[in-house]
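A.B. asks: Enclosed is the structure file work.txt (compact mmCIF, C-alpha atoms and all ligand atoms).
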```
# COMPACT_ATOMS: atom_id res chain seq x y z
CA MET A 128 65.35 -119.70 -43.20
CA ARG A 129 68.16 -120.98 -45.45
CA ARG A 130 67.32 -123.71 -47.93
CA MET A 131 69.20 -126.99 -47.60
CA ILE A 132 70.95 -128.56 -50.60
CA ILE A 133 71.90 -132.21 -50.96
CA ALA A 134 74.33 -132.43 -53.88
CA GLY A 135 75.88 -135.46 -55.53
CA ASN A 136 79.32 -135.22 -57.13
CA TRP A 137 79.75 -138.30 -59.30
CA LYS A 138 83.37 -137.44 -60.17
CA MET A 139 84.51 -139.61 -63.13
CA ASN A 140 81.90 -142.29 -62.45
CA GLY A 141 78.49 -143.25 -63.74
CA ASP A 142 76.80 -144.06 -67.02
CA ARG A 143 73.39 -143.71 -68.63
CA ASP A 144 72.07 -146.52 -66.46
CA LEU A 145 72.97 -144.60 -63.29
CA VAL A 146 71.30 -141.49 -64.74
CA ARG A 147 68.12 -143.50 -65.22
CA ARG A 148 68.24 -145.08 -61.75
CA ILE A 149 68.95 -141.78 -59.96
CA ALA A 150 66.24 -139.96 -61.95
CA GLU A 151 63.71 -142.69 -61.13
CA ARG A 152 64.63 -142.79 -57.44
CA CYS A 153 64.53 -138.98 -57.07
CA SER A 154 61.08 -138.78 -58.61
CA GLY A 155 58.61 -137.70 -55.94
CA ALA A 156 61.36 -137.61 -53.32
CA GLY A 157 60.89 -133.90 -52.66
CA VAL A 158 61.28 -132.64 -49.12
CA ASP A 159 60.05 -129.08 -48.59
CA GLY A 160 62.96 -126.66 -48.35
CA VAL A 161 65.57 -129.27 -49.31
CA ASP A 162 66.93 -129.09 -52.86
CA LEU A 163 68.50 -132.01 -54.70
CA LEU A 164 71.43 -131.34 -57.02
CA VAL A 165 73.17 -133.89 -59.22
CA CYS A 166 76.59 -133.26 -60.82
CA PRO A 167 77.41 -136.05 -63.30
CA PRO A 168 80.35 -135.96 -65.74
CA PHE A 169 79.94 -133.64 -68.76
CA PRO A 170 78.80 -136.29 -71.32
CA LEU A 171 75.94 -137.36 -69.03
CA LEU A 172 74.54 -133.84 -68.54
CA PRO A 173 72.09 -133.97 -71.48
CA ALA A 174 70.69 -137.35 -70.40
CA MET A 175 70.28 -136.13 -66.84
CA ALA A 176 68.69 -132.87 -68.03
CA GLU A 177 66.19 -134.92 -70.01
CA GLN A 178 65.34 -137.40 -67.28
CA ALA A 179 65.67 -135.45 -64.02
CA PRO A 180 62.30 -135.01 -62.36
CA ALA A 181 61.10 -131.54 -61.36
CA GLY A 182 62.91 -130.34 -58.28
CA VAL A 183 66.22 -131.99 -59.13
CA ALA A 184 68.78 -129.43 -60.30
CA LEU A 185 71.68 -130.16 -62.60
CA GLY A 186 75.27 -129.10 -62.04
CA ALA A 187 78.66 -129.61 -63.66
CA GLN A 188 81.85 -130.55 -61.82
CA ASP A 189 84.07 -127.86 -63.32
CA VAL A 190 84.11 -125.13 -65.95
CA SER A 191 86.63 -123.10 -67.91
CA GLU A 192 87.40 -119.56 -66.85
CA TYR A 193 87.50 -118.65 -70.57
CA ALA A 194 84.42 -117.85 -72.66
CA SER A 195 85.50 -119.63 -75.86
CA GLY A 196 88.50 -120.28 -78.09
CA ALA A 197 91.51 -122.54 -78.44
CA TYR A 198 91.31 -124.36 -75.10
CA THR A 199 91.24 -128.01 -76.08
CA GLY A 200 89.34 -130.17 -73.64
CA GLU A 201 87.72 -127.30 -71.79
CA VAL A 202 83.99 -126.60 -71.38
CA SER A 203 82.57 -123.07 -71.17
CA THR A 204 79.87 -121.60 -68.98
CA ALA A 205 77.64 -121.01 -72.03
CA MET A 206 77.89 -124.71 -72.92
CA LEU A 207 76.83 -125.65 -69.39
CA VAL A 208 73.88 -123.29 -69.52
CA GLU A 209 72.85 -124.77 -72.87
CA ALA A 210 73.14 -128.28 -71.40
CA GLY A 211 70.65 -127.33 -68.69
CA CYS A 212 72.99 -126.70 -65.75
CA ARG A 213 72.00 -124.36 -62.97
CA TYR A 214 75.04 -125.00 -60.75
CA VAL A 215 78.75 -125.68 -61.24
CA LEU A 216 81.39 -126.85 -58.76
CA VAL A 217 84.58 -124.81 -58.75
CA GLY A 218 87.76 -125.50 -56.82
CA HIS A 219 87.05 -129.11 -55.86
CA SER A 220 90.14 -130.34 -54.00
CA GLU A 221 90.81 -132.93 -56.72
CA ARG A 222 90.95 -130.12 -59.31
CA ARG A 223 93.20 -128.12 -57.01
CA ALA A 224 95.55 -131.01 -56.17
CA LEU A 225 95.63 -132.97 -59.44
CA PHE A 226 94.98 -130.36 -62.12
CA GLY A 227 96.69 -127.27 -60.76
CA ASP A 228 93.66 -125.12 -60.04
CA SER A 229 95.16 -122.27 -57.99
CA ASN A 230 93.12 -119.93 -55.82
CA SER A 231 93.23 -117.28 -58.55
CA ARG A 232 92.12 -119.68 -61.30
CA VAL A 233 89.30 -120.96 -59.09
CA ALA A 234 88.25 -117.34 -58.48
CA ALA A 235 88.26 -116.70 -62.25
CA LYS A 236 86.06 -119.77 -62.79
CA PHE A 237 83.74 -118.58 -60.01
CA ALA A 238 83.47 -115.15 -61.66
CA ALA A 239 82.83 -116.69 -65.08
CA ALA A 240 80.08 -118.88 -63.66
CA LYS A 241 78.34 -115.94 -62.02
CA GLY A 242 78.67 -113.89 -65.17
CA ALA A 243 76.80 -116.60 -67.08
CA GLY A 244 74.01 -116.84 -64.50
CA LEU A 245 75.20 -120.16 -63.07
CA ILE A 246 75.32 -120.72 -59.32
CA PRO A 247 78.93 -121.51 -58.40
CA VAL A 248 79.58 -123.98 -55.59
CA LEU A 249 82.99 -122.96 -54.26
CA CYS A 250 84.78 -125.90 -52.64
CA VAL A 251 87.23 -125.02 -49.87
CA GLY A 252 89.11 -127.06 -47.31
CA GLU A 253 92.42 -127.93 -45.73
CA THR A 254 94.72 -130.93 -46.02
CA LEU A 255 95.57 -133.05 -42.99
CA GLU A 256 99.03 -131.44 -42.76
CA GLU A 257 97.42 -128.01 -42.75
CA ARG A 258 94.93 -129.01 -40.04
CA ASP A 259 97.70 -130.56 -37.93
CA ALA A 260 99.70 -127.36 -38.29
CA ASP A 261 96.68 -125.38 -37.07
CA ARG A 262 96.34 -123.67 -40.45
CA THR A 263 92.74 -124.61 -41.29
CA GLU A 264 91.34 -121.10 -40.91
CA THR A 265 94.29 -119.50 -42.73
CA VAL A 266 93.92 -121.84 -45.71
CA VAL A 267 90.14 -121.47 -45.93
CA ALA A 268 90.41 -117.69 -45.55
CA GLU A 269 92.86 -117.53 -48.46
CA GLN A 270 90.52 -119.61 -50.61
CA LEU A 271 87.62 -117.27 -49.80
CA ASP A 272 89.60 -114.06 -50.13
CA ALA A 273 90.73 -114.92 -53.66
CA VAL A 274 87.03 -114.95 -54.61
CA PHE A 275 86.35 -111.66 -52.79
CA ASP A 276 89.30 -110.12 -54.65
CA ALA A 277 87.89 -111.24 -58.00
CA CYS A 278 84.20 -110.60 -57.39
CA GLY A 279 83.85 -107.99 -54.64
CA ALA A 280 82.22 -107.87 -51.23
CA ASP A 281 78.96 -109.50 -52.27
CA ALA A 282 80.68 -112.30 -54.19
CA PHE A 283 78.68 -114.99 -52.44
CA ARG A 284 75.23 -113.59 -53.22
CA GLU A 285 73.52 -116.31 -55.30
CA ALA A 286 76.38 -118.72 -54.62
CA VAL A 287 77.08 -121.76 -52.47
CA ILE A 288 80.17 -122.78 -50.49
CA ALA A 289 81.12 -126.39 -49.75
CA TYR A 290 83.53 -126.99 -46.88
CA GLU A 291 85.35 -130.19 -47.74
CA PRO A 292 88.30 -131.10 -45.53
CA VAL A 293 90.64 -132.86 -47.96
CA TRP A 294 91.47 -135.55 -45.39
CA ALA A 295 87.79 -136.53 -45.25
CA ILE A 296 87.17 -136.86 -49.01
CA GLY A 297 86.85 -140.45 -50.12
CA THR A 298 88.63 -141.69 -47.00
CA GLY A 299 85.67 -142.90 -44.96
CA ARG A 300 86.82 -140.51 -42.21
CA ASN A 301 84.31 -137.68 -41.85
CA ALA A 302 84.82 -134.50 -39.84
CA THR A 303 83.06 -134.60 -36.50
CA PRO A 304 79.98 -132.37 -36.26
CA GLU A 305 81.99 -130.10 -33.93
CA GLN A 306 84.86 -129.78 -36.43
CA ALA A 307 82.45 -129.10 -39.31
CA GLN A 308 80.38 -126.58 -37.36
CA ALA A 309 83.50 -124.67 -36.26
CA VAL A 310 84.76 -124.20 -39.82
CA HIS A 311 81.29 -123.45 -41.19
CA ALA A 312 80.82 -120.74 -38.55
CA PHE A 313 84.25 -119.34 -39.45
CA ILE A 314 83.27 -119.22 -43.14
CA ARG A 315 79.95 -117.53 -42.42
CA LYS A 316 81.65 -114.96 -40.19
CA ARG A 317 84.24 -114.18 -42.87
CA VAL A 318 81.47 -113.62 -45.41
CA ALA A 319 79.46 -111.60 -42.85
CA ASP A 320 82.45 -109.31 -42.30
CA ARG A 321 81.94 -108.19 -45.92
CA ASP A 322 78.13 -108.48 -46.16
CA ALA A 323 75.97 -109.73 -43.30
CA GLY A 324 72.86 -110.21 -45.47
CA VAL A 325 74.71 -112.39 -47.94
CA ALA A 326 76.21 -114.48 -45.13
CA ASP A 327 72.84 -115.04 -43.56
CA SER A 328 71.30 -116.52 -46.69
CA LEU A 329 74.43 -118.36 -47.94
CA PRO A 330 74.13 -122.16 -48.07
CA ILE A 331 77.33 -123.75 -46.72
CA LEU A 332 77.46 -127.49 -47.47
CA TYR A 333 79.67 -130.06 -45.74
CA GLY A 334 81.50 -132.63 -47.88
CA GLY A 335 83.75 -135.50 -46.89
CA SER A 336 82.59 -139.09 -46.42
CA MET A 337 78.99 -138.10 -45.71
CA LYS A 338 76.91 -141.29 -45.53
CA PRO A 339 73.39 -142.20 -44.37
CA ASP A 340 74.74 -143.14 -40.93
CA ASN A 341 76.53 -139.84 -40.20
CA ALA A 342 74.37 -137.42 -42.20
CA GLU A 343 71.80 -136.66 -39.55
CA THR A 344 74.25 -135.32 -36.95
CA LEU A 345 76.30 -133.39 -39.50
CA LEU A 346 73.21 -131.87 -41.12
CA SER A 347 71.77 -130.82 -37.77
CA CYS A 348 74.67 -128.41 -37.08
CA PRO A 349 73.35 -124.84 -37.21
CA ASP A 350 75.74 -123.66 -39.94
CA VAL A 351 75.63 -126.83 -42.05
CA ASP A 352 73.08 -126.25 -44.82
CA GLY A 353 73.43 -129.48 -46.72
CA GLY A 354 75.96 -131.90 -48.09
CA LEU A 355 78.21 -132.39 -51.09
CA ILE A 356 78.39 -136.13 -51.44
CA GLY A 357 80.84 -138.12 -53.53
CA GLY A 358 80.89 -141.90 -53.11
CA ALA A 359 77.45 -142.25 -51.54
CA SER A 360 75.82 -140.24 -54.34
CA LEU A 361 76.50 -143.14 -56.73
CA ASP A 362 74.06 -145.30 -54.80
CA PRO A 363 70.51 -143.99 -55.32
CA GLU A 364 69.30 -145.49 -52.02
CA ALA A 365 72.16 -143.97 -50.00
CA PHE A 366 71.81 -140.58 -51.72
CA LEU A 367 68.10 -140.42 -51.00
CA ALA A 368 68.63 -141.66 -47.43
CA ILE A 369 70.98 -138.71 -46.86
CA HIS A 370 68.43 -136.38 -48.44
CA ALA A 371 65.81 -137.70 -46.03
CA CYS A 372 68.05 -136.66 -43.08
CA ALA A 373 68.03 -133.00 -44.15
CA ARG A 374 65.67 -130.60 -42.41
CA PRO A 375 65.46 -126.97 -43.51
CA GLY A 376 66.92 -124.74 -40.80
CA GLY A 377 69.37 -127.43 -39.60
C1 LIG A 401 83.55 -135.09 -52.82
O1 LIG A 401 84.19 -135.59 -53.74
O2 LIG A 401 83.15 -133.92 -52.94
C2 LIG A 401 83.27 -135.89 -51.64
C3 LIG A 401 82.80 -135.31 -50.58
O3 LIG A 401 83.54 -137.26 -51.74
P1 LIG A 401 83.16 -138.39 -50.64
O4 LIG A 401 81.74 -138.13 -50.20
O5 LIG A 401 83.33 -139.67 -51.36
O6 LIG A 401 84.11 -138.21 -49.50
```
Do you think you could lay out the structure here as structure tokens?

C.D. replies:
Amino acid sequence: MRRMIIAGNWKMNGDRDLVRRIAERCSGAGVDGVDLLVCPPFPLLPAMAEQAPAGVALGAQDVSEYASGAYTGEVSTAMLVEAGCRYVLVGHSERRALFGDSNSRVAAKFAAAKGAGLIPVLCVGETLEERDADRTETVVAEQLDAVFDACGADAFREAVIAYEPVWAIGTGRNATPEQAQAVHAFIRKRVADRDAGVADSLPILYGGSMKPDNAETLLSCPDVDGGLIGGASLDPEAFLAIHACARPGG
């Protein structure tokens, strides 16, 4: 049975007070087979590492594809490991759209993360224009194939994928369970075409306006193995309410 993951992406939000409140609220909130993951901004990683209760994993929101050197403003995989991270998001749509992260750069970041022993969470998803033009599968396939090209057929062993339709992120308009399930099944099949064993154990999270009132139906889809949550992860009660909706095995 695949484990479920409920992950919070704070984006450029939060402070030490939120670290304290989330850490307190997550304490003792364990649900068997459902992992909690928190991805605060870089400067809050040490505080979260210090305060996070057992069972709450730490992740970063991005990482450099380079190991070290003259890359002002960048953060390396080794620095994330030292800060206590186990996971790192790569290819979030905001990085792709606002900061020029191409498929090949995202694949290089993914490879760097794996090389350092981090678990990369590859974010994929289509814009509204791409969905309307019936290009969802083409776009997602290109995003996945760039990673296969960089890392080989078993690229997604010890990795996570988050399907995040861009039109659903921060808009209050979530994908329907049917829309999410269809793309998740497509992703799993594309991974299975390269390695069926990897596909079977690969957690595929849904992200895009997941809230306590829509989480249960989204999380009960057979190929939805958790959520990547933006806005609602800033509210400890909402984040934990979503976590309580997750049942291992869908
Ligand atoms: C995200 O940023 O990954 C996200 C899913 O945001 P929101 O939940 O706010 O739509």

A.B. asks: Let me have all residues with an atom within 8 Å of ligand LIG 401 (chain A), counting all atoms listed in the file, laid out as an MDAnalysis selection string.

C.D. replies: chainID A and resid 135:138 219:221 291 295:299 301 333:338 355:360

A.B. asks: So what do you get for CA of Ile246 (chain A) versus CA of Glu285 (chain A), distance-wise?

C.D. replies: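 Taking CA of Ile246 (chain A) and CA of Glu285 (chain A), their separation equals 6.2 Å.
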
A.B. asks: In Å, how far is it from CA of Ala365 (chain A) to CA of Ala289 (chain A)?

C.D. replies: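 CA of Ala365 (chain A) sits 19.7 Å away from CA of Ala289 (chain A).
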
A.B. asks: State, in Å with one decimal place, the distance from CA of Gly218 (chain A) to CA of Leu249 (chain A).

C.D. replies: 6.0 Å

A.B. asks: Using all atoms listed in the file, which residue out of A:Asp350, A:Asp340, A:Glu151, A:Glu177 lies closest to Gln306 (chain A)?

C.D. replies: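 The closest residue to Gln306 (chain A) is A:Asp350.
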
A.B. asks: Find the residues near Pro180 (chain A): any atom within 7 Å, counting only C-alpha atoms, skip ones fewer than 6 places away on the same chain, and give them as a tab-separated table (two decimals) with C-alpha atoms, in the frame of the given file.

C.D. replies:
```tsv
chain	number	residue	atom	x	y	z
A	150	ALA	CA	66.24	-139.96	-61.95
A	153	CYS	CA	64.53	-138.98	-57.07
A	154	SER	CA	61.08	-138.78	-58.61
```

A.B. asks: Could you check the closest approach to Trp294 (chain A) for each of A:Arg258, A:His370, A:Arg315, A:Arg213 and tell me which residue wins, using all atoms listed in the file?

C.D. replies: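 Closest to Trp294 (chain A), using all atoms listed in the file: A:Arg258.
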
A.B. asks: Write out as a ChimeraX atom specification each polymer residue whose atoms come within 9 Å of Asp352 (chain A), counting all atoms listed in the file; drop sequence neighbours fewer than 6 positions from it.

C.D. replies: /A:129-133,329-333,346,373-377

A.B. asks: For Tyr193 (chain A), which of A:Gly354, A:Gly252, A:Gly324, A:Gly242 is the closest residue, counting all atoms listed in the file?

C.D. replies: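 Between A:Gly354, A:Gly252, A:Gly324, A:Gly242, the residue approaching Tyr193 (chain A) most closely is A:Gly242.
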
A.B. asks: So which residues are close to (85.8, -125.8, -61.9), meaning at most 9 Å away in the file's coordinates with all atoms listed in the file counted, and can you show them as a list in words?

C.D. replies: Ala187, Gln188, Asp189, Val190, Ser191, Glu192, Val215, Leu216, Val217, Gly218, His219, Arg222, Asp228, Arg232, Val233, Lys236, Phe237, Pro247 and Leu249 of chain A

A.B. asks: Could you write out that same residue set with C-alpha atoms as a PDB file, keeping the file's coordinate frame?

C.D. replies:
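Below is the file that was written, result.pdb:
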```pdb
ATOM      1  CA  ALA A 187      78.660-129.610 -63.660  1.00  0.00           C
ATOM      2  CA  GLN A 188      81.850-130.550 -61.820  1.00  0.00           C
ATOM      3  CA  ASP A 189      84.070-127.860 -63.320  1.00  0.00           C
ATOM      4  CA  VAL A 190      84.110-125.130 -65.950  1.00  0.00           C
ATOM      5  CA  SER A 191      86.630-123.100 -67.910  1.00  0.00           C
ATOM      6  CA  GLU A 192      87.400-119.560 -66.850  1.00  0.00           C
ATOM      7  CA  VAL A 215      78.750-125.680 -61.240  1.00  0.00           C
ATOM      8  CA  LEU A 216      81.390-126.850 -58.760  1.00  0.00           C
ATOM      9  CA  VAL A 217      84.580-124.810 -58.750  1.00  0.00           C
ATOM     10  CA  GLY A 218      87.760-125.500 -56.820  1.00  0.00           C
ATOM     11  CA  HIS A 219      87.050-129.110 -55.860  1.00  0.00           C
ATOM     12  CA  ARG A 222      90.950-130.120 -59.310  1.00  0.00           C
ATOM     13  CA  ASP A 228      93.660-125.120 -60.040  1.00  0.00           C
ATOM     14  CA  ARG A 232      92.120-119.680 -61.300  1.00  0.00           C
ATOM     15  CA  VAL A 233      89.300-120.960 -59.090  1.00  0.00           C
ATOM     16  CA  LYS A 236      86.060-119.770 -62.790  1.00  0.00           C
ATOM     17  CA  PHE A 237      83.740-118.580 -60.010  1.00  0.00           C
ATOM     18  CA  PRO A 247      78.930-121.510 -58.400  1.00  0.00           C
ATOM     19  CA  LEU A 249      82.990-122.960 -54.260  1.00  0.00           C
TER      20      LEU A 249
END
```

A.B. asks: Measuring between all atoms listed in the file, which one of A:Val248, A:Thr254, A:Ala235, A:Val165 shows the shortest distance to Cys278 (chain A)?

C.D. replies: A:Ala235

A.B. asks: Residues around (84.6, -120.8, -49.8), cut-off 8 Å, counting all atoms listed in the file - what are they as a PDB file with C-alpha atoms, in the frame of the given file?

C.D. replies:
```pdb
ATOM      1  CA  LEU A 249      82.990-122.960 -54.260  1.00  0.00           C
ATOM      2  CA  CYS A 250      84.780-125.900 -52.640  1.00  0.00           C
ATOM      3  CA  VAL A 251      87.230-125.020 -49.870  1.00  0.00           C
ATOM      4  CA  VAL A 267      90.140-121.470 -45.930  1.00  0.00           C
ATOM      5  CA  ALA A 268      90.410-117.690 -45.550  1.00  0.00           C
ATOM      6  CA  GLN A 270      90.520-119.610 -50.610  1.00  0.00           C
ATOM      7  CA  LEU A 271      87.620-117.270 -49.800  1.00  0.00           C
ATOM      8  CA  VAL A 274      87.030-114.950 -54.610  1.00  0.00           C
ATOM      9  CA  ILE A 288      80.170-122.780 -50.490  1.00  0.00           C
ATOM     10  CA  ALA A 289      81.120-126.390 -49.750  1.00  0.00           C
ATOM     11  CA  TYR A 290      83.530-126.990 -46.880  1.00  0.00           C
ATOM     12  CA  ILE A 314      83.270-119.220 -43.140  1.00  0.00           C
TER      13      ILE A 314
END
```

A.B. asks: Ranking A:Ala197, A:Ala371, A:Asp327, A:Ala238 by minimum distance to Met128 (chain A) and counting only C-alpha atoms, which one comes first?

C.D. replies: A:Asp327

A.B. asks: Any chance you could model N, CA and C atoms for region 227-253 of chain A and send them as an mmCIF file, in the coordinates of the input?

C.D. replies:
```cif
data_model
loop_
_atom_site.group_PDB
_atom_site.id
_atom_site.type_symbol
_atom_site.label_atom_id
_atom_site.label_comp_id
_atom_site.auth_asym_id
_atom_site.auth_seq_id
_atom_site.Cartn_x
_atom_site.Cartn_y
_atom_site.Cartn_z
ATOM 1 N N GLY A 227 96.028 -128.575 -60.887
ATOM 2 C CA GLY A 227 96.690 -127.270 -60.760
ATOM 3 C C GLY A 227 95.766 -126.072 -60.643
ATOM 4 N N ASP A 228 94.541 -126.276 -60.193
ATOM 5 C CA ASP A 228 93.660 -125.120 -60.040
ATOM 6 C C ASP A 228 94.086 -124.301 -58.812
ATOM 7 N N SER A 229 94.699 -123.161 -59.075
ATOM 8 C CA SER A 229 95.160 -122.270 -57.990
ATOM 9 C C SER A 229 93.973 -121.468 -57.464
ATOM 10 N N ASN A 230 94.184 -120.791 -56.349
ATOM 11 C CA ASN A 230 93.120 -119.930 -55.820
ATOM 12 C C ASN A 230 92.682 -118.902 -56.859
ATOM 13 N N SER A 231 93.628 -118.330 -57.607
ATOM 14 C CA SER A 231 93.230 -117.280 -58.550
ATOM 15 C C SER A 231 92.485 -117.876 -59.754
ATOM 16 N N ARG A 232 92.879 -119.073 -60.192
ATOM 17 C CA ARG A 232 92.120 -119.680 -61.300
ATOM 18 C C ARG A 232 90.713 -120.061 -60.834
ATOM 19 N N VAL A 233 90.622 -120.593 -59.622
ATOM 20 C CA VAL A 233 89.300 -120.960 -59.090
ATOM 21 C C VAL A 233 88.424 -119.697 -59.005
ATOM 22 N N ALA A 234 89.023 -118.595 -58.568
ATOM 23 C CA ALA A 234 88.250 -117.340 -58.480
ATOM 24 C C ALA A 234 87.798 -116.895 -59.862
ATOM 25 N N ALA A 235 88.641 -117.082 -60.878
ATOM 26 C CA ALA A 235 88.260 -116.700 -62.250
ATOM 27 C C ALA A 235 87.118 -117.586 -62.745
ATOM 28 N N LYS A 236 87.156 -118.868 -62.401
ATOM 29 C CA LYS A 236 86.060 -119.770 -62.790
ATOM 30 C C LYS A 236 84.761 -119.361 -62.081
ATOM 31 N N PHE A 237 84.893 -119.011 -60.806
ATOM 32 C CA PHE A 237 83.740 -118.580 -60.010
ATOM 33 C C PHE A 237 83.110 -117.342 -60.669
ATOM 34 N N ALA A 238 83.971 -116.383 -61.043
ATOM 35 C CA ALA A 238 83.470 -115.150 -61.660
ATOM 36 C C ALA A 238 82.807 -115.450 -63.002
ATOM 37 N N ALA A 239 83.411 -116.343 -63.778
ATOM 38 C CA ALA A 239 82.830 -116.690 -65.080
ATOM 39 C C ALA A 239 81.463 -117.338 -64.902
ATOM 40 N N ALA A 240 81.355 -118.206 -63.916
ATOM 41 C CA ALA A 240 80.080 -118.880 -63.660
ATOM 42 C C ALA A 240 79.000 -117.862 -63.309
ATOM 43 N N LYS A 241 79.336 -116.952 -62.402
ATOM 44 C CA LYS A 241 78.340 -115.940 -62.020
ATOM 45 C C LYS A 241 77.951 -115.074 -63.210
ATOM 46 N N GLY A 242 78.931 -114.736 -64.005
ATOM 47 C CA GLY A 242 78.670 -113.890 -65.170
ATOM 48 C C GLY A 242 77.705 -114.545 -66.145
ATOM 49 N N ALA A 243 77.679 -115.874 -66.146
ATOM 50 C CA ALA A 243 76.800 -116.600 -67.080
ATOM 51 C C ALA A 243 75.462 -116.955 -66.433
ATOM 52 N N GLY A 244 75.271 -116.549 -65.175
ATOM 53 C CA GLY A 244 74.010 -116.840 -64.500
ATOM 54 C C GLY A 244 73.971 -118.217 -63.860
ATOM 55 N N LEU A 245 75.131 -118.876 -63.788
ATOM 56 C CA LEU A 245 75.200 -120.160 -63.070
ATOM 57 C C LEU A 245 75.430 -119.892 -61.587
ATOM 58 N N ILE A 246 75.047 -120.839 -60.753
ATOM 59 C CA ILE A 246 75.320 -120.720 -59.320
ATOM 60 C C ILE A 246 76.598 -121.495 -59.026
ATOM 61 N N PRO A 247 77.694 -120.788 -58.689
ATOM 62 C CA PRO A 247 78.930 -121.510 -58.400
ATOM 63 C C PRO A 247 78.890 -122.122 -56.998
ATOM 64 N N VAL A 248 79.412 -123.332 -56.900
ATOM 65 C CA VAL A 248 79.580 -123.980 -55.590
ATOM 66 C C VAL A 248 81.084 -123.997 -55.342
ATOM 67 N N LEU A 249 81.553 -123.067 -54.520
ATOM 68 C CA LEU A 249 82.990 -122.960 -54.260
ATOM 69 C C LEU A 249 83.390 -123.988 -53.209
ATOM 70 N N CYS A 250 84.300 -124.893 -53.583
ATOM 71 C CA CYS A 250 84.780 -125.900 -52.640
ATOM 72 C C CYS A 250 86.051 -125.378 -51.962
ATOM 73 N N VAL A 251 86.057 -125.448 -50.647
ATOM 74 C CA VAL A 251 87.230 -125.020 -49.870
ATOM 75 C C VAL A 251 87.549 -126.102 -48.849
ATOM 76 N N GLY A 252 88.774 -126.092 -48.353
ATOM 77 C CA GLY A 252 89.110 -127.060 -47.310
ATOM 78 C C GLY A 252 90.601 -127.273 -47.211
ATOM 79 N N GLU A 253 91.005 -127.778 -46.055
ATOM 80 C CA GLU A 253 92.420 -127.930 -45.730
ATOM 81 C C GLU A 253 92.873 -129.387 -45.829
#
```
